[in-house]
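Below: one structure, written as structure tokens.
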Amino acid sequence: MSESSQREAAHGLPFALARSVADALALLLTVAAVCWALSVPRYFNLGFYPQQFFAIILACVLPIAFLTLPARMGAERHRVPWCDVALAVLSFAVVAFIAIRYPDLVLKIFSRPPEVWIPGLIATVLVLEALRRATGWALVIIILCFLAYALLGHFIPGRLSGRPQNWQMLSGYMAFDSNGILGLPLSVAATIVITFILFGGLLSITGGSRFFTDAAMLAMGRFRGGSMKIAVLASGLFGSISGSAVANVVGTGVVTIPMIKRDGYPAHKAAAIEAVASTGGQLMPPVMGASAFLMAEFLAVPYSTIVLAALVPAILYYIALFIQADLEAARLDISPVPKSELPVPSAVLGGLHFAIAFAALIYALFWMRWQPERAALLGCVSLVVTSLLFGYGGSRPKIFDIAASLSRTGHSVVEIILISAASGLVIGVLNVTGLSFNLTYVLVQIGGGNVIVLLGLSAIVCIILGMGLPTLGVYVLLAALVAPALVQVGVEPIAAHLYVLYYGMMSMITPPIALAAFAAASIAKAPSMQTGFAAVKFGWSAYVIPVLFVFSPTLLLIGAPMDIVLAIVTAIVGVWLISAGLAGYFTSRMNFATRCLFVLFGLMALIPAQAFPGALYSDIAGVLGGFVLMGSEFARRRLRLNRAEG
């Protein structure tokens with residue numbers, strides 16, 4: 001044991017006791033979120049500001065962070081140092097004070113009394129320290145730069161010059177104003193995200209996660225390259241409700257990556273396919289790393305609108321990945337998964353009742369028009385009831401485990417709540433300094449009003465800003481900084497927001513800092529950079545499709561029905577052709593010229609007919625040319641078989 005660990009062991013609160021306190025607070029915040037979703041306060045005629053509820057959630061999260069997360073990331077914790085106990089108590093007291101006194105103090109922000117700016121300053125510092133412990137320095141440094149801009153931005157010359165701010169006013173503004181810590185990101189995390197994380201936790205406890213993995217194995221294991229296809233399907237299903245690409249890699253990759261390697265795939269490709277599949281989960285409805293809910297709030301549209309718009313691009317992403325997995329298996333002559341390793345079909349069919357919970361969720365969202373948090377709770381109830389009645393794999397969940405999931409949910413959302421609260425600081429600075437308008441103006445000026453130039457510039461900014469940040473943090477930054485510039489030059493707002501989300505998420509697989517790819521590489525024991533470049537190749541569609549739906553929102557299901565159908569069908573053909581060209585295999589290995597033709601005709605087919613005048617003809621040429629190429633490949637295969645038989 002190191003000297004610092006010995007000192008910690010000798011002084012401080014026993015970790016078991018601290019953990020018990022953290023468990024109680026985690027339970028409290030989940031129960032509070034459920035009660036808020038069910039409008040319980042209204043039944044008791046309790047009226048208070050939503051920001052008071054958000055402060056209650058934060059008052060639970062901050063002590064949990066200080067009691068369970070060591071000051072040095074990755075360090076073991078046997079006892080909690082008294083300084084961390086003091087931070088936990090201080091954070092609870094300060095944020096509870098803000099919650100209780102909020103109605104009286106929110107109107108005094110600009111008069112700067114001590115009872116406003118002192119708790120505001122303390123709360124801001126504590127949120128940033130808790131965020132550092134949870135996610136590291138990257139997001140904290142970015143936020144500190146924004147706060148520095150708020151105080152010193154008026155010294156910057158030119159269009160990026162900010163309005164001067166008094167530090168006391170700024171402290172109170174960040175803690176009390178609805179554009180600060182208690183603003184939109186925290187409101188989404190404290191209401192919607194918690195209930196969906198609870199749904200995901202119950203899915204794991206009741207055996208639903210195991211059912212989806214078994215179903216993926218049963219559906220794909222009998223085909224060539226079955227292990228890779230299992231990884232694509234399982235990671236997509238799990239990632240669609242997971243809040244983190246890296247967590248998705250770790251959660252599913254420990255099972256899928258060794259399976260893929262065992263089938264004969266190179267280690268770096270096994271890691272790359274898992275990283276890309278896991279990252280895609282953040283782009284696949286319903287949760288999209290919690291970004292879908294926040295996007296709906298930013299755009300002031302129903303959540304169902306975001307889900308429908310994001311669906312086709314996400315499906316195209318996974319179609320491209322699935323086709324590449326299949327062709328890669330054919331090229332490397334990978335066999336199906338051995339039958340002895342596949343689950344028994346009758347056992348898997350016994351888990352079909354899990355579909356009832358998802359059906360209830362979708363019905364409540366799209367037909368009953370319920371708020372997302374209420375729809376998620378209906379899904380939770382359906383999941384618990386059907387699991388207790390039918391079970392899965394010969395077992396049923398225990399009542400104690402179901403109850404304990406409330407506390408586990410509280411612990412699971414700590415990072416998301418902290419990111420959301422800290423993101424409020426960024427939005428607060430953008431509002432109070434005018435930086436959002438100034439940056440939009442500068443980006444549009446640099447792009448010269450040219451949409452193509454601005455898209456390229458925005459893509460680079462998105463990938464750079466996204467490096468090392470969690471999904472929700474990536475989206476909040478980009479939605480506030482980059483999306484307004486795209487909207488300013490005429491891009492459909494929902495297309496602009498999905499564009500920045502896609503390119504922000506691509507930072508997870510794009511070297512030099514590709515967190516999801518590097519996490520998968522460590523599991524596969526593969527070279528990190530080689531894995532990153534392989535992931536870029538597998539995830540090519542996510543770099544192309546956002547550009548297409550910016551020019552033609554038909555891929556977002558916006559437009560005439562026939563135009564939408566045509567765009568989807570030709571896009572699928574285009575994805576197939578390009579994937580074959582990149583894999584270098586269709587019915588057999590292809591030479592370089594044939595591969596280039598596949599990619600060329602694929603790009604022509606992928607472009608929606610409404611993208612620009614004359615795009616319909618490129619669509620037709622791409623599809624016809626692609627069919628000719630595929631036909632020639634099938635003919636060559638038949639000729640080879642005839643020669644072999646003869």
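Starting from 1 in every chain, residues are counted up; chains themselves are A, B, ... following the order of the structure tokens, and ligands are numbered from 1 as listed.
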Please, which residues in stretch 211-298 of chain A fall within 6 Å of stretch 501-520 of chain A when counting only C-alpha atoms, and what is the closest atom pair and distance in Å to one decimal for each, ordered by chain then residue number, as a Markdown table?
```
| residue | atom | partner | partner_atom | distance |
| --- | --- | --- | --- | --- |
| A:Val246 | CA | A:Ala516 | CA | 4.9 |
| A:Ala271 | CA | A:Ala520 | CA | 4.8 |
| A:Ala275 | CA | A:Ala517 | CA | 5.0 |
```
With C-alpha atoms retained, write the just-selected residues as a tab-separated table (two decimals), in the first residue's frame.
```
chain	number	residue	atom	x	y	z
A	246	VAL	CA	-17.03	4.29	-24.02
A	271	ALA	CA	-11.81	-3.61	-31.70
A	275	ALA	CA	-16.03	0.84	-31.26
```
Report task. Skip stretch 158-163 of chain A itself and residues of its chain fewer than 3 positions away, then list as a ChimeraX atom specification all residues within 9 Å of it, counting only C-alpha atoms. Result -> /A:149-155,432-435,438-439,441-442
**Report entry** Residue among A:Met590, A:Leu294, A:Met604, A:Ile416 lying closest to A:Arg637, counting only C-alpha atoms
**Finding:**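 Nearest to A:Arg637: A:Met590.
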Query raised in the report: Nearest to A:His268 among A:Ser522, A:Gln165, A:Thr409, A:Thr252, with distances taken over only C-alpha atoms: which residue is it?
Result: A:Ser522
Query raised in the report: What's the 9 Å shell around A:Ala215, counting only C-alpha atoms, without same-chain residues fewer than 3 positions away, as a list in words?
Result: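 Here the answer would be Arg210, Phe211, Phe212, Leu218, Ala219, Met220, Ile230, Ala234, Pro343, Pro345, Val348 and Leu349 of chain A.
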Closest atom pairs, stretch 204-307 of chain A residues within 7 Å of stretch 379-397 of chain A, only C-alpha atoms, as CSV:
```
residue,atom,partner,partner_atom,distance
A:Ile205,CA,A:Pro397,CA,6.6
A:Thr206,CA,A:Pro397,CA,5.4
A:Gly207,CA,A:Tyr392,CA,6.1
```
Residue subset to file, keeping C-alpha atoms, as a compact mmCIF listing (two decimals), in the first residue's frame:
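Contents of the output file again-v8.txt:
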```
# COMPACT_ATOMS: atom_id res chain seq x y z
CA ILE A 205 -31.78 -6.76 -13.71
CA THR A 206 -34.72 -8.55 -15.31
CA GLY A 207 -32.53 -10.27 -17.91
```
